[in-house]
$ cat model04.cif   # mmCIF, C-alpha atoms and all ligand atoms
data_my_file
#
loop_
_atom_site.label_atom_id
_atom_site.label_comp_id
_atom_site.auth_asym_id
_atom_site.auth_seq_id
_atom_site.Cartn_x
_atom_site.Cartn_y
_atom_site.Cartn_z
CA MET T 1 0.00 0.00 0.00
CA ARG T 2 1.18 3.54 -0.80
CA LYS T 3 1.59 6.00 2.07
CA VAL T 4 0.36 9.08 0.16
CA VAL T 5 -1.18 9.36 -3.30
CA ILE T 6 -1.62 12.86 -4.79
CA LEU T 7 -4.34 13.40 -7.40
CA GLY T 8 -3.52 16.18 -9.86
CA ALA T 9 -0.27 17.76 -11.07
CA GLY T 10 -1.19 21.45 -11.09
CA MET T 11 0.61 23.84 -8.73
CA ALA T 12 -1.12 22.41 -5.65
CA GLY T 13 -0.26 18.78 -6.48
CA MET T 14 3.33 19.56 -7.42
CA ALA T 15 3.97 21.75 -4.35
CA CYS T 16 2.53 18.94 -2.24
CA ALA T 17 4.74 16.30 -3.91
CA ARG T 18 7.93 18.31 -3.43
CA THR T 19 7.14 19.07 0.21
CA LEU T 20 6.33 15.43 0.99
CA LEU T 21 9.58 14.32 -0.59
CA ARG T 22 11.52 16.81 1.51
CA ARG T 23 9.82 15.41 4.57
CA GLY T 24 11.01 11.92 3.71
CA CYS T 25 7.73 10.61 2.28
CA ARG T 26 7.75 9.41 -1.37
CA PRO T 27 4.32 10.14 -2.84
CA LEU T 28 2.77 8.78 -6.00
CA LEU T 29 1.49 11.59 -8.23
CA ILE T 30 -1.45 10.66 -10.45
CA ALA T 31 -2.60 13.03 -13.21
CA PRO T 32 -3.67 12.75 -16.84
CA GLY T 33 -0.83 13.35 -19.29
CA HIS T 34 -2.23 16.50 -20.91
CA ASP T 35 -1.24 19.99 -19.75
CA VAL T 36 -3.69 22.56 -18.44
CA ALA T 37 -3.84 25.46 -20.93
CA SER T 38 -2.24 28.81 -20.07
CA ARG T 39 -4.80 31.57 -19.60
CA GLY T 40 -2.57 34.60 -19.21
CA GLU T 41 -2.50 34.13 -15.47
CA THR T 42 -0.87 36.58 -13.08
CA LEU T 43 1.06 34.90 -10.32
CA SER T 44 0.61 37.04 -7.23
CA PHE T 45 3.62 38.39 -5.30
CA ARG T 46 2.20 36.30 -2.44
CA ALA T 47 3.58 33.21 -4.18
CA SER T 48 7.20 34.36 -3.62
CA PRO T 49 7.84 32.78 -0.21
CA TYR T 50 6.20 29.51 -1.29
CA LEU T 51 8.30 29.27 -4.47
CA GLU T 52 11.36 30.07 -2.41
CA SER T 53 10.64 27.43 0.19
CA LEU T 54 10.14 24.89 -2.61
CA GLY T 55 13.43 25.90 -4.26
CA TRP T 56 11.52 27.00 -7.36
CA SER T 57 12.14 30.79 -7.43
CA GLY T 58 14.69 30.26 -10.23
CA LEU T 59 11.96 28.84 -12.47
CA LEU T 60 10.61 32.36 -13.03
CA ASP T 61 12.73 33.44 -16.00
CA ALA T 62 12.21 35.09 -19.39
CA GLU T 63 10.60 31.93 -20.80
CA THR T 64 8.06 31.55 -18.02
CA ALA T 65 7.41 34.98 -16.50
CA ILE T 66 7.41 38.75 -16.95
CA ALA T 67 7.47 41.04 -13.91
CA CYS T 68 4.05 42.66 -13.69
CA GLN T 69 3.95 46.44 -13.22
CA GLY T 70 0.52 46.51 -11.62
CA ARG T 71 -3.09 46.50 -12.57
CA TYR T 72 -5.14 49.22 -14.21
CA SER T 73 -8.88 49.17 -14.16
CA LEU T 74 -11.87 50.89 -15.56
CA TRP T 75 -14.16 49.84 -12.80
CA GLY T 76 -16.75 51.84 -10.86
CA ARG T 77 -16.22 54.95 -12.99
CA ALA T 78 -15.42 55.80 -16.57
CA ALA T 79 -11.78 56.70 -15.94
CA LEU T 80 -8.79 54.39 -16.04
CA ARG T 81 -6.86 54.22 -12.76
CA ARG T 82 -4.25 52.14 -11.02
CA ASP T 83 -6.01 49.47 -9.02
CA THR T 84 -5.92 50.06 -5.28
CA PHE T 85 -6.90 46.45 -4.56
CA HIS T 86 -3.74 45.27 -6.33
CA GLN T 87 -0.98 47.59 -5.16
CA GLU T 88 1.53 44.78 -5.05
CA SER T 89 2.28 43.04 -8.29
CA GLY T 90 3.67 39.67 -9.30
CA TRP T 91 4.39 38.02 -12.64
CA HIS T 92 2.56 37.48 -15.90
CA ILE T 93 3.29 33.82 -16.41
CA ASP T 94 3.21 31.18 -19.09
CA ARG T 95 1.55 28.79 -16.74
CA GLN T 96 1.95 25.74 -18.98
CA ARG T 97 5.69 26.30 -19.31
CA LEU T 98 6.16 27.07 -15.62
CA GLU T 99 4.32 23.89 -14.66
CA GLN T 100 6.46 21.92 -17.13
CA ARG T 101 9.57 23.21 -15.35
CA MET T 102 8.14 22.23 -11.98
CA ALA T 103 7.36 18.77 -13.37
CA GLU T 104 10.94 18.42 -14.64
CA SER T 105 12.20 19.35 -11.20
CA LEU T 106 10.01 16.65 -9.63
CA ASP T 107 11.29 14.13 -12.22
CA ALA T 108 14.83 15.05 -11.19
CA ASP T 109 13.80 14.49 -7.56
CA GLY T 110 12.62 11.01 -8.57
CA VAL T 111 8.93 11.59 -7.75
CA GLU T 112 6.93 8.69 -9.12
CA ARG T 113 4.15 9.70 -11.51
CA LEU T 114 1.35 7.80 -13.09
CA SER T 115 -0.33 9.21 -16.17
CA SER T 116 -3.96 8.40 -15.47
CA GLU T 117 -7.15 9.80 -14.03
CA ALA T 118 -8.86 8.92 -10.76
CA ARG T 119 -12.48 7.98 -11.32
CA ARG T 120 -13.65 7.01 -7.86
CA LEU T 121 -12.34 6.88 -4.31
CA SER T 122 -13.56 4.35 -1.75
CA ARG T 123 -12.68 4.84 1.87
CA SER T 124 -12.16 2.22 4.56
CA PRO T 125 -10.95 2.69 8.16
CA THR T 126 -7.37 1.80 7.14
CA HIS T 127 -6.97 3.13 3.60
CA VAL T 128 -8.43 4.73 0.47
CA ALA T 129 -8.80 2.80 -2.79
CA VAL T 130 -8.29 4.97 -5.88
CA ASP T 131 -10.00 3.52 -8.95
CA LEU T 132 -8.28 4.66 -12.14
CA ALA T 133 -9.53 5.25 -15.67
CA ASP T 134 -7.82 2.08 -16.97
CA GLY T 135 -9.80 -0.07 -14.53
CA SER T 136 -6.90 -0.63 -12.10
CA SER T 137 -6.94 0.43 -8.47
CA ILE T 138 -4.30 1.74 -6.06
CA GLU T 139 -4.50 1.75 -2.27
CA ALA T 140 -3.07 4.52 -0.09
CA GLU T 141 -3.06 5.40 3.59
CA PHE T 142 -3.86 9.01 2.63
CA VAL T 143 -4.92 10.77 -0.56
CA VAL T 144 -4.31 14.46 -1.21
CA ASP T 145 -6.90 15.63 -3.72
CA CYS T 146 -5.35 18.38 -5.86
CA SER T 147 -7.47 17.63 -8.91
CA GLY T 148 -8.69 21.21 -9.37
CA ARG T 149 -12.20 22.46 -10.05
CA SER T 150 -13.35 19.07 -11.29
CA ALA T 151 -12.27 17.61 -7.94
CA VAL T 152 -12.77 13.90 -7.59
CA THR T 153 -13.98 14.23 -4.02
CA SER T 154 -15.92 17.49 -4.00
CA GLY T 155 -19.60 17.16 -3.48
CA SER T 156 -19.13 14.04 -1.36
CA GLU T 157 -19.58 14.62 2.33
CA ALA T 158 -18.02 18.05 2.27
CA GLN T 159 -20.42 20.93 2.15
CA LEU T 160 -20.12 22.57 -1.24
CA ARG T 161 -21.40 26.02 -2.16
CA ARG T 162 -21.40 27.41 -5.69
CA LEU T 163 -21.73 31.18 -5.38
CA ASP T 164 -22.10 32.20 -9.02
CA LYS T 165 -22.05 30.98 -12.61
CA LEU T 166 -18.96 32.82 -13.82
CA VAL T 167 -17.33 31.54 -17.00
CA ALA T 168 -14.29 32.80 -18.87
CA CYS T 169 -13.90 33.01 -22.61
CA TYR T 170 -10.51 34.00 -23.87
CA GLY T 171 -8.20 34.15 -26.84
CA ILE T 172 -4.44 34.49 -27.19
CA PHE T 173 -2.82 36.78 -29.77
CA ASP T 174 0.76 36.99 -31.04
CA LEU T 175 2.18 40.51 -30.93
CA GLU T 176 3.64 42.07 -34.03
CA ASP T 177 7.43 42.59 -33.80
CA GLU T 178 7.20 46.34 -33.33
CA ALA T 179 4.34 46.27 -30.80
CA GLU T 180 5.40 47.05 -27.25
CA ALA T 181 2.95 45.86 -24.61
CA VAL T 182 3.03 47.38 -21.13
CA PRO T 183 3.50 44.53 -18.65
CA ALA T 184 0.43 45.42 -16.61
CA THR T 185 -3.00 43.89 -16.30
CA LEU T 186 -6.03 45.74 -17.58
CA VAL T 187 -9.51 45.07 -16.22
CA GLU T 188 -12.66 46.76 -17.52
CA ALA T 189 -16.18 46.34 -16.18
CA VAL T 190 -19.06 46.32 -18.68
CA ALA T 191 -22.78 45.74 -18.17
CA THR T 192 -22.53 42.02 -18.91
CA GLY T 193 -19.36 41.23 -16.94
CA TRP T 194 -15.72 42.23 -17.18
CA TRP T 195 -12.81 42.11 -19.60
CA TYR T 196 -9.25 41.17 -18.77
CA MET T 197 -6.12 41.81 -20.78
CA SER T 198 -2.62 40.76 -19.91
CA VAL T 199 0.75 40.19 -21.54
CA MET T 200 2.19 36.72 -21.68
CA PRO T 201 5.84 35.68 -22.02
CA ARG T 202 7.07 35.22 -25.59
CA ASP T 203 5.29 38.26 -27.04
CA ARG T 204 1.70 37.24 -26.63
CA ILE T 205 -1.43 38.93 -25.28
CA LEU T 206 -4.38 37.33 -23.59
CA LEU T 207 -7.83 38.86 -23.99
CA GLY T 208 -10.53 37.41 -21.75
CA PHE T 209 -14.19 38.14 -21.07
CA PHE T 210 -15.88 36.97 -17.86
CA THR T 211 -19.64 36.68 -17.55
CA ASP T 212 -22.26 34.30 -16.17
CA SER T 213 -22.88 31.14 -18.19
CA ASP T 214 -26.51 32.09 -18.81
CA LEU T 215 -25.48 35.54 -20.09
CA LEU T 216 -23.01 34.26 -22.71
CA PRO T 217 -24.22 35.54 -26.08
CA ALA T 218 -25.56 32.75 -28.27
CA GLY T 219 -23.16 31.86 -31.08
CA LEU T 220 -20.07 33.30 -29.38
CA ARG T 221 -18.30 29.94 -29.57
CA ARG T 222 -18.21 30.10 -33.36
CA ASP T 223 -18.55 33.76 -34.24
CA MET T 224 -15.27 35.73 -34.05
CA ASN T 225 -17.00 38.78 -35.49
CA LEU T 226 -19.38 38.79 -32.52
CA TRP T 227 -16.37 38.50 -30.19
CA ALA T 228 -14.64 41.38 -32.00
CA HIS T 229 -17.84 43.45 -31.86
CA MET T 230 -18.13 42.89 -28.10
CA ALA T 231 -14.48 43.92 -27.62
CA SER T 232 -15.03 47.02 -29.74
CA GLN T 233 -17.80 48.15 -27.35
CA THR T 234 -15.27 48.48 -24.51
CA SER T 235 -13.29 51.61 -23.81
CA ALA T 236 -9.79 50.96 -22.39
CA VAL T 237 -9.58 47.39 -23.70
CA SER T 238 -10.49 48.40 -27.20
CA ALA T 239 -8.00 51.32 -27.10
CA ARG T 240 -5.24 48.98 -25.95
CA LEU T 241 -6.05 46.44 -28.67
CA THR T 242 -5.88 49.18 -31.27
CA SER T 243 -2.58 50.52 -29.91
CA LEU T 244 -1.11 47.01 -30.18
CA GLY T 245 -2.46 46.51 -33.69
CA ILE T 246 -4.65 43.57 -32.63
CA ASP T 247 -7.87 42.78 -34.44
CA ALA T 248 -9.91 40.64 -32.02
CA ALA T 249 -11.63 38.91 -34.98
CA THR T 250 -8.30 37.29 -35.93
CA CYS T 251 -8.28 35.16 -32.77
CA ALA T 252 -7.43 31.60 -33.89
CA GLN T 253 -9.63 29.98 -31.28
CA LEU T 254 -11.81 31.15 -28.41
CA GLN T 255 -11.52 28.99 -25.32
CA PHE T 256 -14.00 28.64 -22.49
CA ALA T 257 -13.39 27.72 -18.85
CA PRO T 258 -15.56 27.59 -15.72
CA ALA T 259 -14.51 30.36 -13.33
CA SER T 260 -17.21 30.37 -10.64
CA THR T 261 -16.52 30.61 -6.93
CA VAL T 262 -17.03 27.23 -5.29
CA THR T 263 -16.28 26.83 -1.60
CA LEU T 264 -16.13 23.77 0.64
CA SER T 265 -16.54 23.92 4.38
CA LYS T 266 -14.32 20.90 5.14
CA LEU T 267 -10.88 20.07 3.83
CA MET T 268 -10.84 16.43 4.88
CA ASP T 269 -13.11 13.44 4.50
CA ASP T 270 -11.69 10.52 6.44
CA ARG T 271 -8.33 9.86 4.77
CA ILE T 272 -8.67 12.40 1.96
CA VAL T 273 -7.22 15.91 2.32
CA ARG T 274 -7.94 18.61 -0.27
CA ALA T 275 -5.75 21.42 -1.60
CA GLY T 276 -5.86 24.11 -4.28
CA ASP T 277 -9.01 24.50 -6.34
CA ALA T 278 -10.15 21.06 -5.15
CA ALA T 279 -10.54 22.66 -1.70
CA SER T 280 -12.18 25.90 -2.93
CA ALA T 281 -12.05 27.55 -6.34
CA LEU T 282 -12.25 31.34 -6.45
CA ASP T 283 -13.28 34.01 -8.93
CA PRO T 284 -10.11 34.81 -10.95
CA LEU T 285 -10.71 38.56 -10.41
CA GLY T 286 -8.52 38.40 -7.30
CA ALA T 287 -5.67 36.58 -9.16
CA ASN T 288 -4.90 34.58 -6.07
CA GLY T 289 -5.70 30.99 -7.06
CA LEU T 290 -2.16 29.97 -8.01
CA ALA T 291 -0.56 31.35 -4.83
CA THR T 292 -3.27 29.64 -2.78
CA ALA T 293 -2.62 26.39 -4.69
CA LEU T 294 1.09 26.53 -3.84
CA TRP T 295 0.48 27.40 -0.20
CA SER T 296 -2.23 24.80 0.31
CA GLY T 297 -0.21 22.09 -1.47
CA ILE T 298 2.62 22.70 1.01
CA GLN T 299 0.20 22.73 3.95
CA ALA T 300 -1.60 19.58 2.79
CA ALA T 301 1.75 17.78 2.63
CA GLY T 302 2.48 18.80 6.22
CA SER T 303 -1.01 17.66 7.20
CA ALA T 304 -0.55 14.27 5.52
CA THR T 305 2.78 13.58 7.21
CA GLY T 306 1.22 14.55 10.56
CA LEU T 307 -1.80 12.33 9.94
CA LEU T 308 0.47 9.39 9.00
CA ALA T 309 1.93 9.77 12.51
CA GLN T 310 -1.62 10.08 13.91
CA ASP T 311 -1.13 13.74 14.73
CA CYS T 312 -3.81 16.03 13.31
CA THR T 313 -2.35 19.32 14.66
CA ALA T 314 -0.93 20.43 11.31
CA PHE T 315 -4.15 19.53 9.50
CA ARG T 316 -6.32 21.45 11.99
CA GLN T 317 -4.13 24.54 11.59
CA TYR T 318 -4.19 24.20 7.78
CA GLU T 319 -7.97 23.87 7.67
CA ARG T 320 -8.52 26.83 9.99
CA GLN T 321 -6.15 29.10 8.04
CA PHE T 322 -7.61 28.01 4.71
CA LEU T 323 -11.22 28.61 5.70
CA GLU T 324 -10.38 31.95 7.34
CA GLY T 325 -8.50 32.97 4.19
CA ILE T 326 -11.46 32.07 1.97
CA ALA T 327 -13.89 33.99 4.18
CA SER T 328 -11.68 37.07 4.08
CA TYR T 329 -11.15 36.71 0.32
CA LEU T 330 -14.90 36.60 -0.24
CA VAL T 331 -15.37 39.82 1.72
CA THR T 332 -12.75 41.52 -0.48
CA GLN T 333 -14.28 40.08 -3.63
CA ARG T 334 -17.68 41.37 -2.61
CA ALA T 335 -16.22 44.84 -1.93
CA ILE T 336 -14.60 44.91 -5.38
CA TYR T 337 -17.86 43.99 -7.12
CA ALA T 338 -19.78 46.43 -4.93
CA SER T 339 -17.46 49.24 -6.02
CA GLU T 340 -18.96 48.95 -9.52
CA HIS T 341 -22.38 50.64 -9.40
CA ARG T 342 -22.81 51.94 -12.96
CA PHE T 343 -24.98 48.99 -14.04
CA PRO T 344 -27.47 48.48 -11.18
CA ASP T 345 -30.10 46.85 -13.40
CA ALA T 346 -27.80 44.54 -15.32
CA PRO T 347 -28.34 40.89 -14.29
CA PHE T 348 -24.58 40.23 -13.92
CA TRP T 349 -24.16 43.02 -11.35
CA ARG T 350 -27.52 42.46 -9.64
CA GLN T 351 -26.54 38.85 -9.06
CA ARG T 352 -23.30 39.89 -7.37
CA ASN T 353 -24.25 43.01 -5.53
CA GLY T 354 -27.44 41.53 -4.14
CA THR T 355 -25.93 38.25 -2.84
CA SER T 356 -25.68 37.68 0.89
CA LEU T 357 -22.43 36.35 2.33
CA GLU T 358 -24.13 35.06 5.44
CA GLY T 359 -22.92 31.68 6.52
CA ILE T 360 -19.68 31.72 4.51
C1 LIG T 401 -9.92 31.79 -16.73
C2 LIG T 401 -9.14 31.70 -15.46
C3 LIG T 401 -8.17 32.64 -15.19
C4 LIG T 401 -7.43 32.56 -14.03
N1 LIG T 401 -6.49 33.51 -13.77
C5 LIG T 401 -5.75 33.43 -12.65
C6 LIG T 401 -4.74 34.40 -12.39
O1 LIG T 401 -4.52 35.34 -13.15
N2 LIG T 401 -4.01 34.25 -11.24
C7 LIG T 401 -4.22 33.23 -10.36
O2 LIG T 401 -3.51 33.14 -9.35
N3 LIG T 401 -5.18 32.31 -10.59
C8 LIG T 401 -5.93 32.38 -11.71
N4 LIG T 401 -6.89 31.44 -11.94
C9 LIG T 401 -7.08 30.37 -10.96
C10 LIG T 401 -5.97 29.31 -11.07
O3 LIG T 401 -5.84 28.89 -12.42
C11 LIG T 401 -6.30 28.12 -10.17
O4 LIG T 401 -6.65 28.58 -8.90
C12 LIG T 401 -5.11 27.16 -10.04
O5 LIG T 401 -4.75 26.67 -11.32
C13 LIG T 401 -5.45 26.01 -9.12
O6 LIG T 401 -4.37 25.09 -9.11
P1 LIG T 401 -4.64 23.58 -8.72
O7 LIG T 401 -3.31 22.93 -8.73
O8 LIG T 401 -5.46 23.51 -7.50
O9 LIG T 401 -5.58 23.02 -9.88
P2 LIG T 401 -5.33 22.88 -11.43
O10 LIG T 401 -4.29 23.82 -11.90
O11 LIG T 401 -6.67 22.92 -12.06
O12 LIG T 401 -4.73 21.42 -11.61
C14 LIG T 401 -5.55 20.28 -11.42
C15 LIG T 401 -4.75 19.04 -11.82
O13 LIG T 401 -5.57 17.89 -11.56
C16 LIG T 401 -5.59 17.06 -12.70
N5 LIG T 401 -6.82 16.27 -12.64
C17 LIG T 401 -8.09 16.66 -12.92
N6 LIG T 401 -8.95 15.64 -12.71
C18 LIG T 401 -8.20 14.60 -12.27
C19 LIG T 401 -8.51 13.27 -11.88
N7 LIG T 401 -9.75 12.80 -11.93
N8 LIG T 401 -7.50 12.44 -11.47
C20 LIG T 401 -6.22 12.90 -11.43
N9 LIG T 401 -5.87 14.16 -11.79
C21 LIG T 401 -6.84 15.00 -12.20
C22 LIG T 401 -5.47 18.03 -13.87
O14 LIG T 401 -5.05 17.39 -15.05
C23 LIG T 401 -4.39 18.97 -13.30
O15 LIG T 401 -3.11 18.37 -13.42
C24 LIG T 401 -7.66 31.50 -13.10
C25 LIG T 401 -8.64 30.55 -13.37
C26 LIG T 401 -9.39 30.66 -14.53
C27 LIG T 401 -10.46 29.63 -14.79
#

$ encode --input "model04.cif" --output "structure tokens" --more "lines below"
Ligand SMILES: Cc1cc2nc3c(=O)[nH]c(=O)nc-3n(C[C@H](O)[C@H](O)[C@H](O)COP(=O)(O)OP(=O)(O)OC[C@H]3O[C@@H](n4cnc5c(N)ncnc54)[C@H](O)[C@@H]3O)c2cc1C
Amino acid sequence: MRKVVILGAGMAGMACARTLLRRGCRPLLIAPGHDVASRGETLSFRASPYLESLGWSGLLDAETAIACQGRYSLWGRAALRRDTFHQESGWHIDRQRLEQRMAESLDADGVERLSSEARRLSRSPTHVAVDLADGSSIEAEFVVDCSGRSAVTSGSEAQLRRLDKLVACYGIFDLEDEAEAVPATLVEAVATGWWYMSVMPRDRILLGFFTDSDLLPAGLRRDMNLWAHMASQTSAVSARLTSLGIDAATCAQLQFAPASTVTLSKLMDDRIVRAGDAASALDPLGANGLATALWSGIQAAGSATGLLAQDCTAFRQYERQFLEGIASYLVTQRAIYASEHRFPDAPFWRQRNGTSLEGI
């Protein structure tokens, strides 16, 4: 029987694997072979101490990251300003490439990986059986579920709350040789949601639109002219596209991803501990998911080694800090949405600014 099996090789799973190894426990990392697509993510400055403690600070180089000079927003009023909620910056990352580097570092550490997908977990008093996509099964004393938003264990006994129906649609554009993009994030609120623009390493730009799934315009999946029309209705985003010589209609492919806020009230079910988005997935507006994934992966590893020695102190502390962090994040998120009051009758804003946070 394995001591610890980790499900998922995103930032949470990989941070967990490296921490376990450093604590003398050799985990088995199970994840499907394919990479998670880059979405022009900003890695918060909060990730710095976690990357340092994992020995991964050096992975942020010209191939994987660009230092971010802040965030500008057209939010709450019709003038562009530097975002007071994001005074501290971080890095615009090529998430796929950064995760590849982390994976290479784990390979060099000798972390055992299995390219598969967990389909079902069955608990017993002594172990967890992980049923895999190929029909085989692996037993472990503890499982750390880092399988992201589609978490294998969410919705089981843990209390799950889905707070909205946010989805992201986004496209990536190559910059012309002469175009110089400011390494800063741009966010613009519109009646139906908000736009996001950010530079990516290797001369690319990400343009994203966030709205609720039931407000997505019909036909957007296939109609680049509709996408370009929507972008042209913005103010700062459209000006920045023009200044960079980007025609939104030339986007090779629009991609869609769920981006709703989903919280859990428990981080452990018997012998299964959760980390990263599998423990709670947040609205990307705060750009904090990756730092939380790293932190919680490290904490979940500490919890698992404690639990193997029948000591739940580390887990209790992890769970308390995680849940307190989520509660405080939700208060901030609510304040940011509440600071936009130009569209009081628009369903997107009514849904957010009328929601109660009681009980979170
Ligand atoms: C559109 C969008 C934009 C975002 N922008 C930002 C941003 O700018 N900054 C930021 O900090 N955060 C951002 N986030 C959030 C961030 O991407 C997540 O919080 C972060 O990736 C969570 O990391 P994770 O390791 O928990 O999960 P993931 O990165 O989702 O990794 C999950 C892993 O589990 C694997 N897996 C899935 N199912 C199974 C299974 N059944 N068995 C085994 N393995 C499985 C997957 O293949 C993957 O390896 C954004 C999210 C979205 C949707």

$ residues_around --input "model04.cif" --residues "region 161-171 of chain T" --least-positions-apart "4" --cutoff "9 Å" --atoms "all atoms listed in the file" --output "PyMOL selection string"
chain T and resi 39+193+196+205-214+216+221+248+251-265+283+351-352+355+360

$ residues_near_ligand --input "model04.cif" --ligand "ligand LIG 401 (chain T)" --cutoff "6 Å" --atoms "all atoms listed in the file" --output "PyMOL selection string"
chain T and resi 7-13+30-32+39+41-43+117-119+146-150+152+168+257-259+276-278+284+287-291+293

$ atom_distance --input "model04.cif" --atom1 "CA of Leu330 (chain T)" --atom2 "CA of Lys266 (chain T)"
16.6 Å

$ atom_distance --input "model04.cif" --atom1 "CA of Ser44 (chain T)" --atom2 "CA of Met230 (chain T)"
28.7 Å

$ residues_around --input "model04.cif" --residues "Thr250 (chain T)" --least-positions-apart "4" --cutoff "12 Å" --atoms "all atoms listed in the file" --output "PyMOL selection string"
chain T and resi 171-174+223-228+241+245-246+254

$ closest_atom_pairs --input "model04.cif" --of "region 152-223 of chain T" --to "region 71-75 of chain T" --cutoff "8 Å" --atoms "only C-alpha atoms" --output "JSON lines"
{"residue": "T:Ala184", "atom": "CA", "partner": "T:Arg71", "partner_atom": "CA", "distance": 5.5}
{"residue": "T:Thr185", "atom": "CA", "partner": "T:Arg71", "partner_atom": "CA", "distance": 4.6}
{"residue": "T:Leu186", "atom": "CA", "partner": "T:Tyr72", "partner_atom": "CA", "distance": 4.9}
{"residue": "T:Val187", "atom": "CA", "partner": "T:Ser73", "partner_atom": "CA", "distance": 4.6}
{"residue": "T:Glu188", "atom": "CA", "partner": "T:Leu74", "partner_atom": "CA", "distance": 4.6}
{"residue": "T:Ala189", "atom": "CA", "partner": "T:Trp75", "partner_atom": "CA", "distance": 5.3}

$ atom_distance --input "model04.cif" --atom1 "CA of Ala65 (chain T)" --atom2 "CA of Ser198 (chain T)"
12.1 Å

$ residues_around --input "model04.cif" --residues "region 16-18 of chain T" --least-positions-apart "4" --cutoff "10 Å" --atoms "all atoms listed in the file" --output "MDAnalysis selection string"
chainID T and resid 4:6 9:12 22:23 25:29 54:55 102:103 105:106 109 111:112 144 146 275 293:302 304

$ closest_residue --input "model04.cif" --among "T:Ala108, T:Ala314, T:Val190, T:Leu59" --to "Phe348 (chain T)" --atoms "all atoms listed in the file"
T:Val190

$ residues_around --input "model04.cif" --residues "Met200 (chain T)" --least-positions-apart "3" --cutoff "8 Å" --atoms "all atoms listed in the file" --output "list in words"
Gly40, Ala65, Ile66, His92, Ile93, Asp94, Asp203, Arg204, Ile205 and Leu206 of chain T

$ write_last_selection --input "model04.cif" --atoms "C-alpha atoms" --output "PDB file, in the coordinates of the input"
ATOM      1  CA  GLY T  40      -2.570  34.600 -19.210  1.00  0.00           C
ATOM      2  CA  ALA T  65       7.410  34.980 -16.500  1.00  0.00           C
ATOM      3  CA  ILE T  66       7.410  38.750 -16.950  1.00  0.00           C
ATOM      4  CA  HIS T  92       2.560  37.480 -15.900  1.00  0.00           C
ATOM      5  CA  ILE T  93       3.290  33.820 -16.410  1.00  0.00           C
ATOM      6  CA  ASP T  94       3.210  31.180 -19.090  1.00  0.00           C
ATOM      7  CA  ASP T 203       5.290  38.260 -27.040  1.00  0.00           C
ATOM      8  CA  ARG T 204       1.700  37.240 -26.630  1.00  0.00           C
ATOM      9  CA  ILE T 205      -1.430  38.930 -25.280  1.00  0.00           C
ATOM     10  CA  LEU T 206      -4.380  37.330 -23.590  1.00  0.00           C
TER      11      LEU T 206
END
